[in-house]
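Engineer: coords-v1.cif is the file, holding mmCIF, C-alpha atoms:
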```
data_start
loop_
_atom_site.label_atom_id
_atom_site.label_comp_id
_atom_site.auth_asym_id
_atom_site.auth_seq_id
_atom_site.Cartn_x
_atom_site.Cartn_y
_atom_site.Cartn_z
CA MET A 23 15.13 18.01 4.37
CA THR A 24 12.27 15.53 4.48
CA LYS A 25 9.06 15.07 2.55
CA LEU A 26 5.97 12.91 3.15
CA THR A 27 3.58 12.20 0.27
CA TYR A 28 0.34 10.69 1.55
CA ALA A 29 -3.19 9.64 0.67
CA VAL A 30 -6.18 8.56 2.79
CA ARG A 31 -9.28 6.64 1.68
CA THR A 32 -12.23 5.33 3.64
CA HIS A 33 -15.24 3.39 2.32
CA GLN A 34 -18.23 1.73 3.99
CA GLY A 35 -17.74 -1.46 1.95
CA ARG A 36 -20.29 -3.54 0.06
CA VAL A 37 -22.26 -4.91 3.05
CA ARG A 38 -22.37 -2.22 5.75
CA GLU A 39 -24.67 0.78 5.32
CA ASN A 40 -22.63 2.93 7.69
CA ASN A 41 -18.92 3.54 8.15
CA GLU A 42 -17.65 3.08 11.73
CA ASP A 43 -14.01 3.74 10.76
CA ASN A 44 -12.27 7.06 11.20
CA PHE A 45 -8.82 8.45 10.48
CA TYR A 46 -6.45 11.21 11.53
CA TRP A 47 -3.86 13.01 9.45
CA ASN A 48 -2.34 16.05 11.17
CA GLY A 49 -5.69 17.30 12.44
CA THR A 50 -7.85 16.21 9.51
CA ILE A 51 -10.48 13.63 10.50
CA ARG A 52 -13.81 12.31 9.18
CA SER A 53 -15.77 14.82 11.26
CA ASP A 54 -19.06 14.13 9.44
CA VAL A 55 -19.72 10.46 10.27
CA ASN A 56 -22.58 10.40 7.77
CA GLU A 57 -20.02 10.83 4.98
CA ASN A 58 -19.35 7.15 4.29
CA GLN A 59 -16.67 7.67 1.66
CA MET A 60 -13.80 10.12 1.80
CA PHE A 61 -10.51 10.72 0.00
CA TYR A 62 -7.74 13.05 1.11
CA LYS A 63 -4.15 13.54 -0.08
CA GLY A 64 -1.24 15.94 0.20
CA THR A 65 2.41 16.52 1.00
CA GLU A 66 4.16 17.44 4.25
CA HIS A 67 7.67 18.89 4.61
CA ASP A 68 9.81 18.38 7.74
CA GLY A 69 8.36 18.75 11.25
CA SER A 70 6.01 16.41 13.13
CA THR A 71 3.31 14.28 11.54
CA LEU A 72 0.70 11.98 13.06
CA ALA A 73 -1.36 9.47 11.09
CA ALA A 74 -3.94 7.11 12.58
CA VAL A 75 -6.77 4.71 11.72
CA CYS A 76 -9.57 3.78 14.15
CA ASP A 77 -12.11 0.99 13.64
CA GLY A 78 -15.24 1.58 15.72
CA MET A 79 -17.41 -1.16 17.23
CA GLY A 80 -20.98 -1.02 18.47
CA GLY A 81 -24.58 -1.07 17.28
CA GLU A 82 -26.42 1.80 15.60
CA ALA A 83 -24.20 4.91 15.73
CA GLN A 84 -22.06 3.74 18.66
CA GLY A 85 -19.05 2.62 16.63
CA GLU A 86 -18.90 5.87 14.70
CA LEU A 87 -18.97 7.82 17.97
CA ALA A 88 -16.21 5.76 19.58
CA SER A 89 -13.81 6.12 16.63
CA LEU A 90 -14.63 9.82 16.31
CA ILE A 91 -13.83 10.40 20.00
CA ALA A 92 -10.52 8.58 19.58
CA VAL A 93 -9.29 10.65 16.64
CA GLN A 94 -10.45 13.88 18.30
CA LYS A 95 -8.13 13.19 21.25
CA LEU A 96 -5.00 12.60 19.17
CA LYS A 97 -2.11 15.08 19.12
CA PRO A 98 1.19 15.07 17.18
CA SER A 99 4.33 14.70 19.28
CA SER A 100 8.08 15.00 19.24
CA MET A 101 10.03 11.76 19.55
CA LYS A 102 11.12 12.79 23.06
CA THR A 103 7.57 12.73 24.40
CA VAL A 104 5.82 10.35 22.00
CA ARG A 105 4.98 7.67 24.57
CA GLU A 106 3.63 10.16 27.09
CA THR A 107 1.58 11.96 24.42
CA ALA A 108 0.16 8.73 22.98
CA LEU A 109 -0.71 7.31 26.40
CA ALA A 110 -2.42 10.57 27.42
CA SER A 111 -4.51 10.54 24.22
CA ILE A 112 -5.47 6.90 24.76
CA ARG A 113 -6.43 7.48 28.41
CA GLU A 114 -8.54 10.55 27.54
CA ALA A 115 -10.30 8.79 24.67
CA ASN A 116 -10.94 5.66 26.71
CA ALA A 117 -12.39 7.70 29.61
CA GLU A 118 -14.73 9.65 27.31
CA ILE A 119 -15.91 6.51 25.52
CA CYS A 120 -16.62 4.87 28.88
CA ASN A 121 -18.57 7.98 29.93
CA GLU A 122 -20.68 7.63 26.78
CA ILE A 123 -21.32 3.97 27.64
CA GLU A 124 -22.61 4.99 31.06
CA LYS A 125 -24.84 7.66 29.49
CA ASN A 126 -26.33 4.97 27.25
CA ASN A 127 -27.26 2.63 30.10
CA GLY A 128 -24.20 0.45 29.64
CA LYS A 129 -24.60 -0.10 25.90
CA ARG A 130 -21.08 -1.00 24.87
CA MET A 131 -19.01 0.68 22.20
CA GLY A 132 -15.33 0.73 21.43
CA THR A 133 -12.63 1.37 18.86
CA THR A 134 -9.21 0.19 17.81
CA LEU A 135 -6.33 2.63 17.27
CA ALA A 136 -3.31 2.29 14.99
CA ALA A 137 -1.05 5.35 14.94
CA LEU A 138 2.23 6.40 13.38
CA TYR A 139 4.17 9.32 14.85
CA ILE A 140 6.85 10.88 12.62
CA GLU A 141 9.28 13.68 13.40
CA ASP A 142 11.76 14.61 10.68
CA ASP A 143 13.50 11.28 9.93
CA LYS A 144 12.28 9.29 12.96
CA ALA A 145 9.09 7.29 13.46
CA VAL A 146 7.28 5.32 16.19
CA CYS A 147 4.21 3.10 15.80
CA CYS A 148 1.60 2.70 18.54
CA ASN A 149 -1.54 0.56 18.51
CA VAL A 150 -4.42 -0.85 20.53
CA GLY A 151 -6.54 -3.58 18.92
CA ASP A 152 -6.14 -5.18 15.50
CA SER A 153 -5.98 -2.25 13.09
CA ARG A 154 -2.52 -2.40 11.58
CA VAL A 155 0.57 -0.44 10.58
CA TYR A 156 2.88 -1.89 7.94
CA TRP A 157 6.32 -0.74 6.80
CA MET A 158 7.96 -1.31 3.41
CA ARG A 159 11.67 -0.70 2.90
CA ASP A 160 13.63 -1.81 -0.16
CA GLY A 161 10.85 -4.24 -1.09
CA LYS A 162 10.69 -5.84 2.37
CA PHE A 163 7.16 -5.70 3.83
CA GLU A 164 6.63 -6.04 7.56
CA GLN A 165 3.87 -5.49 10.13
CA LEU A 166 4.91 -3.03 12.83
CA SER A 167 1.75 -3.12 14.95
CA VAL A 168 0.82 -5.97 17.29
CA ASP A 169 -2.62 -7.55 16.90
CA HIS A 170 -4.40 -7.55 20.26
CA SER A 171 -6.63 -10.47 19.28
CA ARG A 172 -7.57 -13.97 20.33
CA VAL A 173 -6.10 -15.52 17.18
CA GLN A 174 -2.79 -13.71 17.69
CA GLN A 175 -2.60 -15.27 21.17
CA LEU A 176 -3.20 -18.68 19.60
CA ILE A 177 -0.51 -18.01 16.97
CA ALA A 178 1.95 -16.97 19.70
CA MET A 179 1.25 -20.22 21.56
CA GLY A 180 1.84 -22.22 18.39
CA LEU A 181 -1.71 -23.58 18.36
CA ILE A 182 -2.65 -22.22 14.92
CA THR A 183 -0.79 -20.81 11.92
CA LYS A 184 -1.14 -17.32 10.49
CA GLU A 185 -2.98 -18.82 7.52
CA GLU A 186 -5.43 -20.68 9.79
CA ALA A 187 -6.07 -17.44 11.71
CA ARG A 188 -7.65 -15.87 8.60
CA THR A 189 -10.65 -18.21 8.83
CA HIS A 190 -10.65 -19.03 12.56
CA LYS A 191 -13.98 -18.64 14.36
CA SER A 192 -12.39 -16.22 16.87
CA ARG A 193 -10.62 -14.05 14.29
CA HIS A 194 -12.71 -10.98 15.16
CA VAL A 195 -12.32 -11.26 18.94
CA ILE A 196 -9.98 -8.50 20.09
CA THR A 197 -8.41 -8.46 23.54
CA GLN A 198 -7.73 -4.73 23.86
CA TYR A 199 -9.58 -1.68 22.57
CA LEU A 200 -10.65 1.79 23.68
CA GLY A 201 -13.89 1.49 25.60
CA ILE A 202 -12.76 -0.78 28.44
CA PHE A 203 -13.40 0.38 32.01
CA GLU A 204 -10.31 0.62 34.24
CA GLU A 205 -11.67 -1.93 36.71
CA GLU A 206 -12.01 -4.44 33.86
CA MET A 207 -8.55 -4.07 32.31
CA VAL A 208 -5.63 -1.67 32.11
CA ILE A 209 -5.06 -0.92 28.42
CA GLU A 210 -1.45 -1.54 27.38
CA PRO A 211 -0.70 -0.12 23.91
CA ALA A 212 2.03 -1.72 21.80
CA PHE A 213 4.92 0.58 20.86
CA THR A 214 7.75 -0.01 18.41
CA ASP A 215 11.26 1.19 19.05
CA GLU A 216 12.21 4.41 17.29
CA ILE A 217 12.73 3.84 13.56
CA CYS A 218 15.40 5.79 11.65
CA LEU A 219 13.81 6.50 8.28
CA LYS A 220 15.48 6.06 4.91
CA ASP A 221 14.63 7.63 1.59
CA GLY A 222 11.81 5.62 -0.01
CA ASP A 223 10.36 4.15 3.19
CA LEU A 224 6.62 3.57 2.87
CA PHE A 225 3.97 3.04 5.56
CA LEU A 226 0.44 1.66 5.40
CA LEU A 227 -2.15 2.11 8.16
CA CYS A 228 -5.40 0.21 7.76
CA SER A 229 -8.52 -1.20 9.40
CA ASP A 230 -9.26 -4.92 9.23
CA GLY A 231 -11.70 -4.22 6.41
CA LEU A 232 -8.56 -4.39 4.26
CA THR A 233 -6.61 -7.19 5.94
CA ASP A 234 -9.64 -9.51 6.25
CA MET A 235 -10.22 -9.22 2.51
CA VAL A 236 -6.69 -8.91 1.09
CA THR A 237 -3.64 -10.99 1.99
CA ASP A 238 -0.34 -9.45 3.06
CA GLU A 239 1.21 -10.76 -0.16
CA GLU A 240 -1.38 -8.95 -2.30
CA ILE A 241 -1.00 -5.77 -0.25
CA ALA A 242 2.79 -5.82 -0.62
CA GLU A 243 2.50 -6.28 -4.38
CA ILE A 244 0.17 -3.28 -4.68
CA LEU A 245 2.56 -1.12 -2.67
CA LYS A 246 5.53 -1.87 -4.92
CA SER A 247 4.47 0.64 -7.57
CA GLY A 248 2.56 3.87 -8.04
CA SER A 249 1.88 6.89 -5.86
CA PRO A 250 0.13 6.79 -2.45
CA GLU A 251 -3.02 8.05 -4.21
CA GLU A 252 -2.90 5.18 -6.71
CA GLN A 253 -2.00 2.64 -4.03
CA THR A 254 -4.89 3.58 -1.72
CA ASP A 255 -7.26 3.40 -4.68
CA ARG A 256 -6.06 -0.09 -5.64
CA LEU A 257 -6.14 -1.34 -2.03
CA VAL A 258 -9.73 -0.25 -1.44
CA LYS A 259 -10.86 -1.59 -4.83
CA ARG A 260 -9.21 -4.94 -4.11
CA ALA A 261 -10.97 -5.18 -0.72
CA LEU A 262 -14.30 -4.46 -2.43
CA GLU A 263 -13.59 -6.97 -5.21
CA HIS A 264 -12.95 -9.64 -2.57
CA GLY A 265 -16.33 -9.03 -0.92
CA GLY A 266 -16.01 -5.75 0.99
CA ARG A 267 -17.67 -7.28 4.05
CA ASP A 268 -16.53 -4.48 6.38
CA ASN A 269 -15.66 -0.80 6.32
CA VAL A 270 -12.20 -0.24 4.90
CA THR A 271 -9.83 2.63 5.67
CA VAL A 272 -6.26 2.98 4.41
CA ILE A 273 -3.51 5.56 4.75
CA VAL A 274 -0.34 5.30 2.67
CA CYS A 275 2.58 7.68 3.17
CA GLN A 276 5.99 7.66 1.52
CA PHE A 277 9.06 9.25 3.03
CA GLU A 278 11.70 11.10 1.06
CA LYS A 279 14.95 12.49 2.41
CA LYS A 280 17.04 14.80 0.29
CA GLY A 281 20.02 17.05 0.77
CA VAL A 282 19.65 20.80 0.31
CA GLY A 283 21.41 20.63 -3.06
CA ALA A 284 18.90 18.15 -4.45
CA TRP A 285 15.97 20.23 -3.21
CA LEU A 286 17.36 23.42 -4.78
CA LYS A 287 17.91 21.60 -8.07
CA GLY A 288 14.32 20.35 -8.01
CA LEU A 289 13.01 23.81 -7.14
CA LYS A 290 14.91 25.45 -10.01
CA LYS A 291 13.56 22.79 -12.37
CA SER A 292 9.95 23.40 -11.28
CA LEU A 293 10.37 27.19 -11.53
CA ALA A 294 11.77 26.81 -15.05
CA HIS A 295 8.48 25.21 -16.11
#
```
Please rewrite the model in this file as structure tokens.
Structural biologist:
Amino acid sequence: MTKLTYAVRTHQGRVRENNEDNFYWNGTIRSDVNENQMFYKGTEHDGSTLAAVCDGMGGEAQGELASLIAVQKLKPSSMKTVRETALASIREANAEICNEIEKNNGKRMGTTLAALYIEDDKAVCCNVGDSRVYWMRDGKFEQLSVDHSRVQQLIAMGLITKEEARTHKSRHVITQYLGIFEEEMVIEPAFTDEICLKDGDLFLLCSDGLTDMVTDEEIAEILKSGSPEEQTDRLVKRALEHGGRDNVTVIVCQFEKKGVGAWLKGLKKSLAH
């Protein structure tokens, strides 16, 4: 039997008046884009789960619309069809965003997408853009998503270091996002291989409002203790303390896997109280 304990927080930051981020957790999204701050938590048992963070781009209300469209198109999936389901969602969202661009006389808008598909004790990460998915297992912290960004290209070519990328003039230039017309580029999402989950595995999904303000080392330290609710609170507060120059959205979920005997023992204990 499996269990996912999760928490979601989104905040407009200290500089922006509006929040262009959005999120998805098994059908729950930030449907009211005028609600700049939101907190959501819970527990899931077994079955399929989908978590995602989208970071919208565009003037006025365009970014909010793009990220909202993206999360509205998402659907949970089994591991057997995860790539097909994710690609279909991405294609549908991209087409609708492009339609909105045409309606607005070519005024551009777009959004990133970082998603984590989980079914029982298996997981797959998918992303477009530079919103991220991280994985922590036994204290080891690693980025699962691939940054589709100019600085990541420069890092891959050995022209700059990861540390230099944090302050590089092109650090906010992304090379893929939803809102690109087919004749301009074919979007190619990054997928991980299927991950076999272990008890205690923890995942973080976030917009760059977190990673621009807080280093990976600080993030990892925060994730080493506390519940997902406490961790999301500390992550957002740390981003705000460091300047909060952008919207920040974080999802933390922790995986537990227990045998039937352990679950029955826990149930009896809770009933006794």
Engineer: Let me make sure I understand: among A:Asp143, A:Leu226, A:Thr237, A:His33, which one has the smallest atom-to-atom distance to Lys184 (chain A) if we use all atoms listed in the file?
Structural biologist: A:Thr237
Engineer: The PyMOL selection byres ((chain A and resi 97) around 12) - which residues does that actually catch in the file I just gave you? List them as a ChimeraX atom specification.
Structural biologist: /A:46-50,70-74,92-96,98-100,103-112,114-115,137-140
Engineer: Residues at most 10 Å from Ser249 (chain A), counting all atoms listed in the file, excluding those fewer than 3 positions away in the same chain, as a list in words?
Structural biologist: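 Contacts, with the query itself left out: Thr27, Tyr28, Ala29, Leu245, Lys246, Glu252, Gln253, Thr254, Asp255, Val274, Cys275 and Gln276 of chain A.
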Engineer: Would you list the contacts of region 202-211 of chain A as an MDAnalysis selection string, taking every protein, DNA or RNA residue within 8 Å and counting only C-alpha atoms, but skipping same-chain residues closer than 5 positions in sequence?
Structural biologist: chainID A and resid 109 116:117 120 132 148:150
Engineer: Include C-alpha atoms and write out the residues we just selected as a compact mmCIF listing (two decimals), in the coordinates of the input.
Structural biologist:
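For reference, again_28.txt as written:
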```txt
# COMPACT_ATOMS: atom_id res chain seq x y z
CA LEU A 109 -0.71 7.31 26.40
CA ASN A 116 -10.94 5.66 26.71
CA ALA A 117 -12.39 7.70 29.61
CA CYS A 120 -16.62 4.87 28.88
CA GLY A 132 -15.33 0.73 21.43
CA CYS A 148 1.60 2.70 18.54
CA ASN A 149 -1.54 0.56 18.51
CA VAL A 150 -4.42 -0.85 20.53
```
Engineer: Could you write out as a ChimeraX atom specification the residues that the PyMOL selection byres ((chain A and resi 187) around 12) matches in the shown file?
Structural biologist: /A:169,171-178,180-186,188-195,233-234,237
Engineer: Excluding same-chain residues fewer than 3 positions from Ser89 (chain A), what lies within 8 Å of it counting only C-alpha atoms, as number ranges by chain?
Structural biologist: A: 42-44, 76-78, 85-86, 92-93, 132-134
Engineer: Could you state which residues are captured by the PyMOL selection byres ((chain A and resi 35) around 6) in this file, as a ChimeraX atom specification?
Structural biologist: /A:33-34,36-37,266,268-269
Engineer: Calculate how many Å separate CA of Ile217 (chain A) from CA of Ser153 (chain A), rounding to one decimal.
Structural biologist: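 Straight-line distance from CA of Ile217 (chain A) to CA of Ser153 (chain A) works out to 19.7 Å.
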Engineer: What would the list of residues within 7 Å of (-17.3, 5.6, 1.6) (file frame) look like as an mmCIF file with C-alpha atoms, in the coordinates of the input, if only C-alpha atoms are what count?
Structural biologist:
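What follows is the written file part.cif:
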```
data_model
loop_
_atom_site.group_PDB
_atom_site.id
_atom_site.type_symbol
_atom_site.label_atom_id
_atom_site.label_comp_id
_atom_site.auth_asym_id
_atom_site.auth_seq_id
_atom_site.Cartn_x
_atom_site.Cartn_y
_atom_site.Cartn_z
ATOM 1 C CA THR A 32 -12.230 5.330 3.640
ATOM 2 C CA HIS A 33 -15.240 3.390 2.320
ATOM 3 C CA GLN A 34 -18.230 1.730 3.990
ATOM 4 C CA GLU A 57 -20.020 10.830 4.980
ATOM 5 C CA ASN A 58 -19.350 7.150 4.290
ATOM 6 C CA GLN A 59 -16.670 7.670 1.660
ATOM 7 C CA MET A 60 -13.800 10.120 1.800
#
```
Engineer: Restricting the calculation to all atoms listed in the file, which member of A:Glu251, A:Ser53, A:Val75, A:Gly69 is positioned closest to Leu90 (chain A)?
Structural biologist: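 Nearest candidate to Leu90 (chain A) out of A:Glu251, A:Ser53, A:Val75, A:Gly69: A:Ser53.
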Engineer: For the atom pair CA of Met158 (chain A) and CA of Thr197 (chain A), what is the interatomic distance in Å to one decimal place?
Structural biologist: 26.9 Å
Engineer: Pick out the closest residue to Arg113 (chain A) from this set: A:Leu200, A:His67, A:Arg52, A:Trp157. Count only C-alpha atoms.
Structural biologist: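 Between A:Leu200, A:His67, A:Arg52, A:Trp157, the residue approaching Arg113 (chain A) most closely is A:Leu200.
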Engineer: For Ile273 (chain A), which of A:Gln165, A:Thr65, A:Ser229, A:Gln84 is the closest residue, counting all atoms listed in the file?
Structural biologist: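 Nearest to Ile273 (chain A): A:Ser229.
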Engineer: State, in Å with one decimal place, the distance from CA of Leu257 (chain A) to CA of Phe277 (chain A).
Structural biologist: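 We find that CA of Leu257 (chain A) and CA of Phe277 (chain A) lie 19.2 Å from each other.
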